[in-house]
Structures are given as C-alpha cells and as structure tokens.
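A.B. asks: I'd like to ask you about the structure that follows.
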Amino acid sequence: MFFFSLIIGGLASGSLYAMVGIAIVLVLQASDIPNFAQGEMAMFSTFVGYWILQQYNVSWWSAVLLSLLFAAVLGVAVQQLVIRPLLGRPTMNLVIATLGLNIVLHSLAGMIWGNETHIFPSPLSDALPLNVAGLTIPPMNVFIILVGVALILCLTFIIRKTRAGIALRAASQNQAVARLMGISINRAFAVAWGLGGLAGGIAGVLVAPVLFLDTNMMGLLLIKGFAGGVLGGLNSLGGVFAGGLFLGVIENLMGAYISGSFGEALVFLLIIGVLIVAPEGVFGRVRTRKV
Amino acid sequence: MRFKSGRRFASICLTVCATLALLTVLGSAIAVRNASAADTIKVGYVGPLSGSLSLLGQSVRDGILVYFAHVNGMGGVKGRPLELIAEDDGYDPMRTVAATKKLMEHDKIITLLSPAGTPSTVALLPLVNENKLPMLFPYAFSHALTNPTKPYVFTTLTEVRVQMHVLADYIVGTLKQRKVAAIYQNDDFGHDAVTGLEDRFDALKIPLTKLPFDRGTTNFSGIVAQARKADVEHVVFLGIPRDAALVMREASNMGWRPQFSGHNALGDPQTFKLAGQLAEGAIAVAVMEPLDSARPQVQEFLAHQKKYLPKTSPTTYSMHSYNAAKIFVEALSRIKGKEITADAIVGALDTMRNFDTGLMGPINFSKDQHAGGLYNAIVKAKDGKWHLVTPWTKAK
C-alpha cells in the first residue's frame, strides 16, 4: 500500500514536471535553443490570468484563455526581441540571454504583484479525492496528465499535418534548404516560440492550483522539467512527458527507500547514469544528419 | 607683471573668479551634505529581497521602515531622523557578508538592524564582532547567535532549539502524544530545530521520525507517505507556511489527519490563507502576540503599516522587525548625551530590564545574556485565527 501511494504521489508530482518539460522541448526541437526562461514566462502569464480573474468579473475559463493568449504572445515577443537578434551567434549567448530573461521576469513579477503566495482556483478545487482500490488519487493531477496527453497529440498533429508545422520541421532540420523552398525561417521560429509559450502557459495554470501561485512557483520545476526531459529523450514529446512522470516516481522511491536527505541528489545521479548508458535518453532517437 | 593686452588680463581674472566661485559652491555643497549626513542616524538592513524567501526579506525590511516613518514623523530620535539602508543578499551568506561590508564601509551604518536569515546572520558573526558593529534582533533562529554571548549581538526571537523545547514539552506533557515525526528543511535551521526536539525526546526515550526535505521542493507526497507509514499521530513541520500548507494538503488527500504543529512562523495568518480548513486545530509556538491580538500595541502596529506602507500586508515578519525597531529606538533614547556610538547602544541594551513593547513578553538583556525573548506560549488555530492556549511562560 505504501509502495503504491508513493507511485501515485510520484505520478502526481511528475505530471507537473512533464508539463513544463513539454514546453521546453517544443522550443528546443524547433529552434535548437533551450529556453531557460520558460518557467518564469509561464509564471508571469499565470499571474496575468490571476490578475484578470481578480480585477474583472469574468469566468475562470475566460481568464485562463486570456492568460494563454498572453503566454503565446509573450513567447513570440521573446523570440522576436531577444532571440532573433542573437541568431547566428554562439548558442551559449542565447542560453545566457534566456537565463537573464528568467531573472528579469522573476523580479518584474515580484515588483508588479508582490511576493505573497496566492490561491489560484481551478474548476477541480473542490473536487474530492478519487478513491481507487483503497488509494486516494488527487483529481487535479489526473486532469493534468490527461491535458498533457491531449497537448502532445495536438502538438504532434500540428507539427506533422499542418503547413505551419511542416515549415517548422523544415526550418529546424535545415535552414538553408528551407529558405530555398520559400519558408520564412523567422515566421517558423515565431510559431515555435508561440506554441512553446502557450504550452508553458498551460503548464502554469495547471501547476498554480496545486502548488499555490507566487513568483517562486516554477523555480525548481524548470530544472526538474529539463531533467525529466533529458531522461526521457529531448527529441520526443512523448519521451519528455514519460520522463517527467518517471522522475516524480523515482524521487519518491529514492527518498523513501534510500535516503531522505540525499533524495534530490540521488535522482540526478540516476539521470547521469542513464545518460552514460543511453545518451539520447530512454525514449530519444539519435539524430542523423546527411552531410 | 605686465599683460600684453587688457583682454588677456580680463580673461585671467574671469577664470580665477569662476574657479573660486565653483570651489565655494562645491565646498558648501559638501559641507551641507556632511552636515545633513551627520544628522541622520544610518541603520543598515540585509536580507533576501529577491529569490524564494523574498516575502520574508521584504516583510522584515518593511517593519523597520514603518516604525522609522512613525518615529521620523514625530521628529526622530534626539531630533535626528532615522534612515534605513537595505541591501539584498538573496539568502546567500557570501552576499550577506559582502553587503554588510558595503553598508559599513560605504554607508557608515551605526547598527545592522533585524537582518533576516539564519545561515546569513551566522555568517556575519565574525565580521560584526571584529568591527564592533551592533547586530540587533535578527530574524534568525540559530543557537550560535547567543551561545556564547557576543558583545555586539542581541536577539529577541527565541532560538528555534528553545522553541522546540517548549513545543516538545507541550506535545508530551499536555497533548500526551508520543508518536511524533518532524518534517523539516534540510539546512541549518531545520537541523537546529530537530536537535531541540531530540533534546527532550531522547531524555524521555521517545523516538522521533525524521523526514528532511530540500527547500524549494514541490514534491511532498513521498515524505507524507513515509510519515503515515511510520504511524505517527503528530507532525512537527519546520519550514515556510506555504510548504506547511502543501504538506497538510498531501495528508488530507491521503485521508490522513495527524496533529500538526510548527515553530513561530507557522502561527501566521498566511497559513490559514493557504491551508484553509486544513489548518484548523494546528498548534504553533508563539514568540510574539498573534497578529489578531486585541492588545493596543498590536493594533497600533497594524494601523501604522497600513498608513505608511499601504501596499504591503502586515505579517509576523514585519511585526518582528517593527518590534526590533521599537527596542532600538528605546535604546537610542536611553543614551545620555548627543553622541550615538556603537558602544553607547550596546551599553543601553545591556541595562535593559523588563522592557515591554506590548508585542511580546518582557525583554531582558544583561551583559552576559543577550537573548532577550525568553517568554513563549502555545497558540492554536481555531476559526481562522491563532489563539493563545497557554500563558506566556519563561522557557526552561
């Protein structure tokens, strides 16, 4: 029983890592840039949603939709204003830029909305825990996993079947040829970052009811989202998702059966171990390139 | 000296006059600055104004600002206004030391008032002792601050080890509970707290289940599952109210409701805001009056914060530093003569007996005893407020 409650709790926690991981990997896959500002961008857009909910008499769904719209626009804005001018420079410059943006957004959110912790409501706030075979399962986390799966399916459809998605894939695989085929690289990347922002925004409004809304909400989730993504394979959305869930479970198991104090460190040691054996992650594929 | 032309003579005169005028203006400007600088009493503050503990750092700073605004509004101390210079250390002890050096050398502060952060203030001990800088009433819980007594360091917040003695006595003596788990931050603060619990439990041969977590973690499900597996009836939580609320929620999700308790930070309205009904029945150690106490000085503090910093909310953090500023100003006013020096401040504090700010038990300092807040009580959560359930008693 104890073992199963650790698994359930781990999946619940892991679902949050998985959502953040999707947002990061989407942008990484499309533009080869790890967005270290993803967490704070999500936090910022969630605060916008919270502010709309508090200031105006609108329904929860309207406030959330507006915050998601803001998140997508923020993603495009970051790509146009911060990333685009630095394209062509060493990747490290871009990484530092996103790290800097991370700090700026965190401080800006603190200045605008203060440092207190708030309750962010959700339609499932008052839902009772589900009771399955003697185990209690929080409904919000089940919802998060379902949304995550739906998001992956939608994004996969967009990337595989729509013109914008195909353009995105072409741009990420070979910019020169894509340009020759008439694809606007700038527009493709803008779409990628907009979708990444949107995915991050979705992660934000799902995480906030679980972890409470404050400027530090996404702090550690960014690292865990990344770590889960690395574990699962950074070039597969499904892999990232599974990696995040797995990370949550492993955290609980390691903490309970090996050591409480070193739980976090052990998890990362495990990830290093996995990467030594399978560098592309558990579900990742090695990317081959024709030269 | 003969000049080639009248024009050259005029231009030289003009240059000399302009230079003299400039020097005079500069000189008086410097003189004015020095005079007004000499008038202001400069006090320093360092704490986590950014990062995960920014609410703590900013709220503690705000409490000082509120009291200083109140005092300055009444003409200052001995006719001199109080000025607070606040620096951010992001809860990083290395930055705390650097910021304090800047405050000492550049801003020439006379005192470091209510710095926030347990590891940060411990890191400052060598610096303040060496430079004879009074470090007064930090928002910190470390045993090292007053053991042994440091000449320039004074505290009002009962160290967490002593708070845990009080709590352990209450758990065993009054609640008669013997199956206890401690869920605590895996840092100096948490370890100090657990040491306090073990001091009492080991003597009574009661086992304590220890479950540490890294600050910043979002996953408490494993820890709560472990506490439940250990079949405990009482969980002592040692961390910030937000994390306490997450733990309470995890337990509730599992259909488990042990007795919760915590140190003084738990006894904050924030716990109700976040945990709601789940906080009902929880207990906490109180070092100061609850924020909704009827005592007039507490009401006055709430009114002052609303007046001077209307965009902020009063918290137990800001009440602590408001209280700290009150004691500091009292010490300043007890100094005989016009000159305010570090030694004069320390001298005034060393002779402070039974000073009642109205916000906590009476403060007592002496040359050998710089831990002024030795009175504690237990508060219990009922109907969304914290109520005193024991009288203020001197900790053993």
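The chains in the structure tokens are called A, B, ... from first to last as shown; in each chain the residues are counted from 1, and the ligands are counted from 1 in the order shown.
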Would you kindly return, as an MDAnalysis selection string, each protein, DNA or RNA residue with an atom no farther than 8 Å from any atom of stretch 167-175 of chain B, considering only C-alpha atoms and excluding same-chain residues fewer than 2 positions away?
C.D. replies: chainID B and resid 163:165 177:178 197 200:201 284:285 378
A.B. asks: Residues of chain B within 7 Å of chain A, using only C-alpha atoms, as number ranges by chain?
C.D. replies: B: 52, 54-55, 186, 211-213, 216-217, 219, 221-222, 225-226, 229, 253-254, 274
A.B. asks: Compare B:Ala275, B:Val153, B:Ala203, B:Leu145 by their minimum atom-to-atom distance to B:Glu250, counting only C-alpha atoms, and give me the closest one.
C.D. replies: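 Using only C-alpha atoms, B:Glu250 sits closest to B:Ala275.
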A.B. asks: If we count only C-alpha atoms and set the cut-off at 10 Å, which residues sit around B:Leu127, ignoring sequence neighbours fewer than 5 positions away in its own chain? Please answer as a list in words.
C.D. replies: Val97, Thr100, Lys101, Val122, Lys132 and Leu133 of chain B
A.B. asks: Using N, CA, C and O atoms, can you export the residues from the last selection as a CSV table (one decimal), in the first residue's frame?
C.D. replies:
```
chain,number,residue,atom,x,y,z
B,97,VAL,N,27.6,38.8,3.6
B,97,VAL,CA,28.9,39.4,4.2
B,97,VAL,C,29.3,40.6,3.3
B,97,VAL,O,29.7,41.7,3.8
B,100,THR,N,27.0,43.6,3.9
B,100,THR,CA,27.3,44.2,5.2
B,100,THR,C,28.6,45.0,5.1
B,100,THR,O,28.6,46.1,5.7
B,101,LYS,N,29.6,44.5,4.5
B,101,LYS,CA,30.8,45.3,4.3
B,101,LYS,C,30.6,46.6,3.6
B,101,LYS,O,31.1,47.7,4.0
B,122,VAL,N,24.5,34.0,10.8
B,122,VAL,CA,25.6,33.3,11.4
B,122,VAL,C,26.9,33.6,10.7
B,122,VAL,O,27.9,33.8,11.3
B,132,LYS,N,33.1,45.6,15.6
B,132,LYS,CA,32.3,46.1,16.7
B,132,LYS,C,31.0,46.8,16.1
B,132,LYS,O,30.7,47.9,16.5
B,133,LEU,N,30.3,46.1,15.3
B,133,LEU,CA,29.1,46.6,14.7
B,133,LEU,C,27.9,45.9,15.4
B,133,LEU,O,27.8,44.7,15.4
```
A.B. asks: Report the residues of stretch 236-360 of chain B whose backbone DSSP state falls under strand (DSSP E or B), written as JSON, numbers by chain.
C.D. replies: {"B": [236, 237, 238, 259, 260, 261, 262, 283, 284, 285, 286, 288, 355, 360]}
A.B. asks: For the residues in that selection, give me N, CA, C and O atoms as a short mmCIF file (atom, residue, chain, number, x, y, z; two decimals), in the first residue's frame.
C.D. replies:
```
data_model
loop_
_atom_site.label_atom_id
_atom_site.label_comp_id
_atom_site.auth_asym_id
_atom_site.auth_seq_id
_atom_site.Cartn_x
_atom_site.Cartn_y
_atom_site.Cartn_z
N VAL B 236 5.48 17.57 13.35
CA VAL B 236 6.03 18.91 13.57
C VAL B 236 6.59 19.37 12.23
O VAL B 236 7.47 18.72 11.66
N PHE B 237 6.07 20.48 11.72
CA PHE B 237 6.55 20.97 10.43
C PHE B 237 7.48 22.16 10.65
O PHE B 237 7.13 23.11 11.32
N LEU B 238 8.66 22.11 10.02
CA LEU B 238 9.64 23.18 10.21
C LEU B 238 10.04 23.74 8.86
O LEU B 238 10.94 23.24 8.19
N GLN B 259 -2.07 15.46 14.05
CA GLN B 259 -1.98 16.78 14.68
C GLN B 259 -0.76 17.47 14.07
O GLN B 259 0.32 16.90 14.04
N PHE B 260 -0.94 18.70 13.59
CA PHE B 260 0.18 19.44 13.04
C PHE B 260 0.65 20.50 14.03
O PHE B 260 -0.13 21.08 14.77
N SER B 261 1.95 20.74 14.03
CA SER B 261 2.47 21.85 14.82
C SER B 261 3.69 22.41 14.11
O SER B 261 4.21 21.82 13.16
N GLY B 262 4.15 23.57 14.60
CA GLY B 262 5.32 24.19 13.97
C GLY B 262 5.93 25.24 14.87
O GLY B 262 5.46 25.49 15.98
N ILE B 283 -1.18 23.64 16.01
CA ILE B 283 -0.61 24.47 17.07
C ILE B 283 0.76 24.99 16.65
O ILE B 283 1.41 24.42 15.78
N ALA B 284 1.15 26.08 17.28
CA ALA B 284 2.46 26.66 16.97
C ALA B 284 3.02 27.31 18.22
O ALA B 284 2.28 27.66 19.14
N VAL B 285 4.34 27.45 18.23
CA VAL B 285 4.99 28.16 19.33
C VAL B 285 4.86 29.64 19.02
O VAL B 285 5.06 30.07 17.89
N ALA B 286 4.51 30.44 20.02
CA ALA B 286 4.43 31.88 19.81
C ALA B 286 5.55 32.57 20.55
O ALA B 286 5.82 32.25 21.71
N MET B 288 5.76 36.04 19.78
CA MET B 288 5.12 37.35 19.86
C MET B 288 3.61 37.17 19.88
O MET B 288 3.11 36.09 19.55
N PHE B 355 11.60 45.43 29.62
CA PHE B 355 11.03 46.42 28.71
C PHE B 355 9.90 45.77 27.93
O PHE B 355 10.10 44.75 27.26
N MET B 360 5.20 41.41 22.67
CA MET B 360 5.72 40.09 23.09
C MET B 360 5.94 40.16 24.59
O MET B 360 5.65 41.16 25.23
#
```
A.B. asks: Excluding stretch 199-203 of chain A and any residue of its chain fewer than 6 positions from it, enumerate the residues within 10 Å of it, using only C-alpha atoms, and give them as a ChimeraX atom specification.
C.D. replies: /A:15-24,26-27,38-46,49,64-65,67-72,74-75,144,147-148,151-152,155,193,218
A.B. asks: Just to be explicit: take each residue in the selection above, keep N, CA, C and O atoms, and write the result as a compact mmCIF listing (two decimals), in the first residue's frame.
C.D. replies:
```
# COMPACT_ATOMS: atom_id res chain seq x y z
N SER A 15 3.66 14.76 -13.00
CA SER A 15 2.82 15.34 -14.05
C SER A 15 3.14 16.82 -14.22
O SER A 15 3.07 17.37 -15.32
N LEU A 16 3.53 17.47 -13.12
CA LEU A 16 3.90 18.89 -13.20
C LEU A 16 5.21 19.04 -13.95
O LEU A 16 5.36 19.93 -14.80
N TYR A 17 6.18 18.16 -13.64
CA TYR A 17 7.47 18.23 -14.35
C TYR A 17 7.24 17.98 -15.84
O TYR A 17 7.85 18.63 -16.69
N ALA A 18 6.37 17.02 -16.13
CA ALA A 18 6.12 16.65 -17.52
C ALA A 18 5.55 17.81 -18.32
O ALA A 18 5.96 18.06 -19.46
N MET A 19 4.62 18.56 -17.73
CA MET A 19 4.01 19.69 -18.44
C MET A 19 5.06 20.75 -18.77
O MET A 19 5.08 21.29 -19.87
N VAL A 20 5.92 21.04 -17.81
CA VAL A 20 6.96 22.06 -18.05
C VAL A 20 7.94 21.54 -19.10
O VAL A 20 8.38 22.28 -19.99
N GLY A 21 8.23 20.24 -19.02
CA GLY A 21 9.16 19.63 -19.96
C GLY A 21 8.68 19.78 -21.40
O GLY A 21 9.47 20.06 -22.31
N ILE A 22 7.38 19.59 -21.62
CA ILE A 22 6.83 19.70 -22.98
C ILE A 22 7.11 21.08 -23.56
O ILE A 22 7.56 21.21 -24.71
N ALA A 23 6.87 22.09 -22.76
CA ALA A 23 7.06 23.47 -23.23
C ALA A 23 8.51 23.72 -23.62
O ALA A 23 8.80 24.33 -24.65
N ILE A 24 9.42 23.21 -22.79
CA ILE A 24 10.85 23.42 -23.08
C ILE A 24 11.25 22.69 -24.34
O ILE A 24 11.94 23.25 -25.21
N LEU A 26 9.49 21.59 -26.86
CA LEU A 26 8.88 22.07 -28.10
C LEU A 26 9.77 23.12 -28.76
O LEU A 26 10.07 23.07 -29.95
N VAL A 27 10.19 24.07 -27.94
CA VAL A 27 11.05 25.15 -28.45
C VAL A 27 12.43 24.61 -28.80
O VAL A 27 13.04 24.99 -29.81
N GLN A 38 11.61 29.66 -19.64
CA GLN A 38 10.29 29.07 -19.81
C GLN A 38 9.47 29.09 -18.52
O GLN A 38 8.28 29.40 -18.53
N GLY A 39 10.12 28.73 -17.41
CA GLY A 39 9.40 28.66 -16.14
C GLY A 39 8.81 30.01 -15.75
O GLY A 39 7.63 30.13 -15.41
N GLU A 40 9.65 31.05 -15.82
CA GLU A 40 9.19 32.37 -15.39
C GLU A 40 8.19 32.95 -16.38
O GLU A 40 7.28 33.70 -15.99
N MET A 41 8.32 32.61 -17.66
CA MET A 41 7.33 33.07 -18.63
C MET A 41 5.96 32.49 -18.28
O MET A 41 4.94 33.17 -18.31
N ALA A 42 5.96 31.20 -17.90
CA ALA A 42 4.72 30.54 -17.52
C ALA A 42 4.16 31.18 -16.24
O ALA A 42 2.95 31.42 -16.13
N MET A 43 5.03 31.44 -15.30
CA MET A 43 4.60 32.05 -14.03
C MET A 43 3.99 33.43 -14.31
O MET A 43 2.93 33.79 -13.79
N PHE A 44 4.65 34.19 -15.16
CA PHE A 44 4.20 35.54 -15.48
C PHE A 44 2.81 35.52 -16.11
O PHE A 44 1.92 36.28 -15.72
N SER A 45 2.61 34.63 -17.09
CA SER A 45 1.31 34.59 -17.75
C SER A 45 0.23 34.08 -16.81
O SER A 45 -0.92 34.49 -16.90
N THR A 46 0.59 33.21 -15.87
CA THR A 46 -0.39 32.74 -14.88
C THR A 46 -0.80 33.89 -13.97
O THR A 46 -1.97 34.02 -13.61
N GLY A 49 -3.32 35.93 -15.71
CA GLY A 49 -4.63 35.30 -15.59
C GLY A 49 -5.25 35.55 -14.23
O GLY A 49 -6.43 35.87 -14.10
N VAL A 64 -8.48 32.26 -17.99
CA VAL A 64 -7.41 31.33 -18.38
C VAL A 64 -7.12 31.46 -19.88
O VAL A 64 -5.95 31.49 -20.29
N LEU A 65 -8.17 31.57 -20.70
CA LEU A 65 -7.95 31.71 -22.15
C LEU A 65 -7.16 32.97 -22.46
O LEU A 65 -6.23 32.95 -23.28
N SER A 67 -5.10 34.44 -20.43
CA SER A 67 -3.72 34.28 -19.97
C SER A 67 -2.93 33.40 -20.94
O SER A 67 -1.74 33.63 -21.17
N LEU A 68 -3.59 32.43 -21.56
CA LEU A 68 -2.91 31.59 -22.55
C LEU A 68 -2.58 32.39 -23.81
O LEU A 68 -1.51 32.22 -24.41
N LEU A 69 -3.49 33.28 -24.16
CA LEU A 69 -3.23 34.17 -25.31
C LEU A 69 -2.01 35.03 -25.01
O LEU A 69 -1.10 35.18 -25.85
N PHE A 70 -1.97 35.56 -23.80
CA PHE A 70 -0.83 36.37 -23.37
C PHE A 70 0.45 35.54 -23.44
O PHE A 70 1.49 36.02 -23.88
N ALA A 71 0.36 34.29 -22.98
CA ALA A 71 1.53 33.42 -22.95
C ALA A 71 2.07 33.20 -24.37
O ALA A 71 3.29 33.25 -24.60
N ALA A 72 1.18 32.97 -25.32
CA ALA A 72 1.60 32.75 -26.71
C ALA A 72 2.25 34.01 -27.27
O ALA A 72 3.32 33.96 -27.89
N LEU A 74 3.63 36.39 -25.56
CA LEU A 74 4.90 36.58 -24.85
C LEU A 74 5.99 35.72 -25.48
O LEU A 74 7.13 36.16 -25.68
N GLY A 75 5.61 34.47 -25.84
CA GLY A 75 6.58 33.59 -26.49
C GLY A 75 7.09 34.20 -27.79
O GLY A 75 8.30 34.23 -28.05
N ILE A 144 -4.28 16.85 -15.03
CA ILE A 144 -3.03 17.35 -15.61
C ILE A 144 -2.45 16.33 -16.58
O ILE A 144 -2.02 16.67 -17.69
N VAL A 147 -4.56 16.35 -19.73
CA VAL A 147 -4.27 17.54 -20.54
C VAL A 147 -2.93 17.39 -21.24
O VAL A 147 -2.77 17.74 -22.40
N GLY A 148 -1.95 16.85 -20.50
CA GLY A 148 -0.63 16.64 -21.10
C GLY A 148 -0.69 15.75 -22.32
O GLY A 148 -0.11 16.05 -23.37
N LEU A 151 -2.36 17.54 -25.13
CA LEU A 151 -1.46 18.55 -25.67
C LEU A 151 -0.45 17.93 -26.62
O LEU A 151 -0.19 18.44 -27.71
N ILE A 152 0.11 16.79 -26.21
CA ILE A 152 1.09 16.12 -27.06
C ILE A 152 0.44 15.70 -28.37
O ILE A 152 1.02 15.88 -29.45
N LEU A 155 -0.15 18.88 -30.48
CA LEU A 155 1.10 19.43 -31.00
C LEU A 155 1.69 18.53 -32.09
O LEU A 155 2.21 19.01 -33.10
N TRP A 193 8.03 29.38 -30.96
CA TRP A 193 8.10 30.02 -29.65
C TRP A 193 6.71 30.38 -29.14
O TRP A 193 6.45 30.35 -27.94
N MET A 218 7.53 28.33 -10.21
CA MET A 218 8.12 27.50 -11.25
C MET A 218 9.60 27.23 -11.05
O MET A 218 10.18 26.47 -11.79
```
A.B. asks: Applying 9 Å and only C-alpha atoms, which residues near B:Gly276 remain after dropping the ones on its own chain fewer than 4 positions away? List them as a PDB file with N, CA, C and O atoms, in the first residue's frame.
C.D. replies:
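Result went into result.pdb, see below:
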```pdb
ATOM      1  N   ALA B 245       1.351  24.270   4.184  1.00  0.00           N
ATOM      2  CA  ALA B 245       0.034  24.080   3.559  1.00  0.00           C
ATOM      3  C   ALA B 245       0.074  22.918   2.558  1.00  0.00           C
ATOM      4  O   ALA B 245      -0.872  22.131   2.470  1.00  0.00           O
ATOM      5  N   THR B 271      -0.861  30.982   6.939  1.00  0.00           N
ATOM      6  CA  THR B 271      -1.138  29.541   6.994  1.00  0.00           C
ATOM      7  C   THR B 271      -2.609  29.282   6.718  1.00  0.00           C
ATOM      8  O   THR B 271      -2.959  28.345   6.003  1.00  0.00           O
ATOM      9  N   PHE B 272      -3.480  30.143   7.269  1.00  0.00           N
ATOM     10  CA  PHE B 272      -4.915  29.974   7.024  1.00  0.00           C
ATOM     11  C   PHE B 272      -5.275  30.278   5.595  1.00  0.00           C
ATOM     12  O   PHE B 272      -6.092  29.621   4.971  1.00  0.00           O
ATOM     13  N   GLU B 280      -7.045  24.094  10.687  1.00  0.00           N
ATOM     14  CA  GLU B 280      -7.785  24.103  11.960  1.00  0.00           C
ATOM     15  C   GLU B 280      -7.215  23.076  12.925  1.00  0.00           C
ATOM     16  O   GLU B 280      -6.986  21.927  12.556  1.00  0.00           O
ATOM     17  N   GLY B 384     -10.062  30.132  11.887  1.00  0.00           N
ATOM     18  CA  GLY B 384      -9.285  31.026  11.026  1.00  0.00           C
ATOM     19  C   GLY B 384      -8.399  32.017  11.751  1.00  0.00           C
ATOM     20  O   GLY B 384      -7.902  32.957  11.146  1.00  0.00           O
TER      21      GLY B 384
END
```
A.B. asks: Mind listing the alpha helix (DSSP H) residues of stretch 61-203 of chain B, per DSSP on the backbone, as a ChimeraX atom specification?
C.D. replies: /B:61-73,93-105,118-130,160-173,188-203
A.B. asks: When you look at A:Asn186 with a cut-off of 10 Å (counting only C-alpha atoms), what residues show up, excluding the ones that are within fewer than 3 positions of it in the same chain? I need them as a short mmCIF file (atom, residue, chain, number, x, y, z; two decimals) with N, CA, C and O atoms, in the first residue's frame.
C.D. replies:
```
data_model
loop_
_atom_site.label_atom_id
_atom_site.label_comp_id
_atom_site.auth_asym_id
_atom_site.auth_seq_id
_atom_site.Cartn_x
_atom_site.Cartn_y
_atom_site.Cartn_z
N GLN A 79 10.89 35.70 -28.71
CA GLN A 79 11.64 35.21 -29.87
C GLN A 79 12.06 36.37 -30.77
O GLN A 79 13.20 36.43 -31.24
N GLN A 80 11.16 37.31 -30.97
CA GLN A 80 11.46 38.42 -31.87
C GLN A 80 12.45 39.41 -31.26
O GLN A 80 13.34 39.91 -31.96
N ARG A 84 15.87 36.48 -31.76
CA ARG A 84 16.17 36.76 -33.16
C ARG A 84 17.44 37.60 -33.35
O ARG A 84 18.26 37.27 -34.20
N LEU A 168 7.89 24.44 -39.84
CA LEU A 168 8.68 24.44 -38.61
C LEU A 168 9.70 23.32 -38.63
O LEU A 168 10.88 23.51 -38.31
N ALA A 171 12.42 24.07 -41.13
CA ALA A 171 13.32 25.12 -40.64
C ALA A 171 14.28 24.58 -39.58
O ALA A 171 15.44 24.96 -39.52
N ILE A 183 10.32 28.98 -47.37
CA ILE A 183 9.80 29.02 -46.00
C ILE A 183 10.45 30.18 -45.25
O ILE A 183 11.67 30.36 -45.29
N PHE A 189 10.09 30.08 -36.65
CA PHE A 189 10.57 30.15 -35.27
C PHE A 189 9.57 30.89 -34.38
O PHE A 189 9.37 30.53 -33.22
N ALA A 190 8.95 31.92 -34.94
CA ALA A 190 7.95 32.65 -34.15
C ALA A 190 6.81 31.71 -33.77
O ALA A 190 6.33 31.73 -32.63
N VAL A 191 6.39 30.89 -34.73
CA VAL A 191 5.33 29.91 -34.44
C VAL A 191 5.78 28.95 -33.34
O VAL A 191 5.03 28.66 -32.39
N ALA A 192 7.02 28.48 -33.46
CA ALA A 192 7.56 27.54 -32.47
C ALA A 192 7.54 28.15 -31.07
O ALA A 192 7.09 27.53 -30.11
#
```
A.B. asks: Just the residues within 10 Å of B:Asp368, please, counting only C-alpha atoms, with nothing from its chain fewer than 3 positions along; format it as a PyMOL selection string.
C.D. replies: chain B and resi 146+148-151+350+365+371
A.B. asks: Go ahead and write the selection's residues with N, CA and C atoms as a short mmCIF file (atom, residue, chain, number, x, y, z; two decimals), in the first residue's frame.
C.D. replies:
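Writing done, so here's result-v1.cif:
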```cif
data_model
loop_
_atom_site.label_atom_id
_atom_site.label_comp_id
_atom_site.auth_asym_id
_atom_site.auth_seq_id
_atom_site.Cartn_x
_atom_site.Cartn_y
_atom_site.Cartn_z
N THR B 146 23.67 33.52 20.24
CA THR B 146 23.82 33.96 21.63
C THR B 146 24.54 32.93 22.51
N PRO B 148 28.28 31.23 22.64
CA PRO B 148 28.27 32.08 23.84
C PRO B 148 27.81 33.50 23.52
N THR B 149 27.59 34.28 24.54
CA THR B 149 27.13 35.66 24.36
C THR B 149 28.18 36.45 23.59
N LYS B 150 27.73 37.18 22.55
CA LYS B 150 28.64 38.02 21.79
C LYS B 150 28.36 39.47 22.20
N PRO B 151 29.41 40.25 22.42
CA PRO B 151 29.16 41.60 22.96
C PRO B 151 28.27 42.48 22.09
N ASP B 350 22.47 46.61 27.35
CA ASP B 350 22.93 45.73 28.43
C ASP B 350 22.23 46.01 29.75
N PHE B 365 17.75 42.13 28.92
CA PHE B 365 19.14 41.93 28.49
C PHE B 365 20.05 42.20 29.67
N ALA B 371 20.08 37.12 24.85
CA ALA B 371 18.88 36.54 24.24
C ALA B 371 17.70 37.10 25.02
#
```
A.B. asks: Quick one: distance from atom CA of A:Gly229 to atom CA of A:Leu269 in Å, one decimal?
C.D. replies: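 Atom-to-atom, atom CA of A:Gly229 and atom CA of A:Leu269 are spaced 15.1 Å apart.
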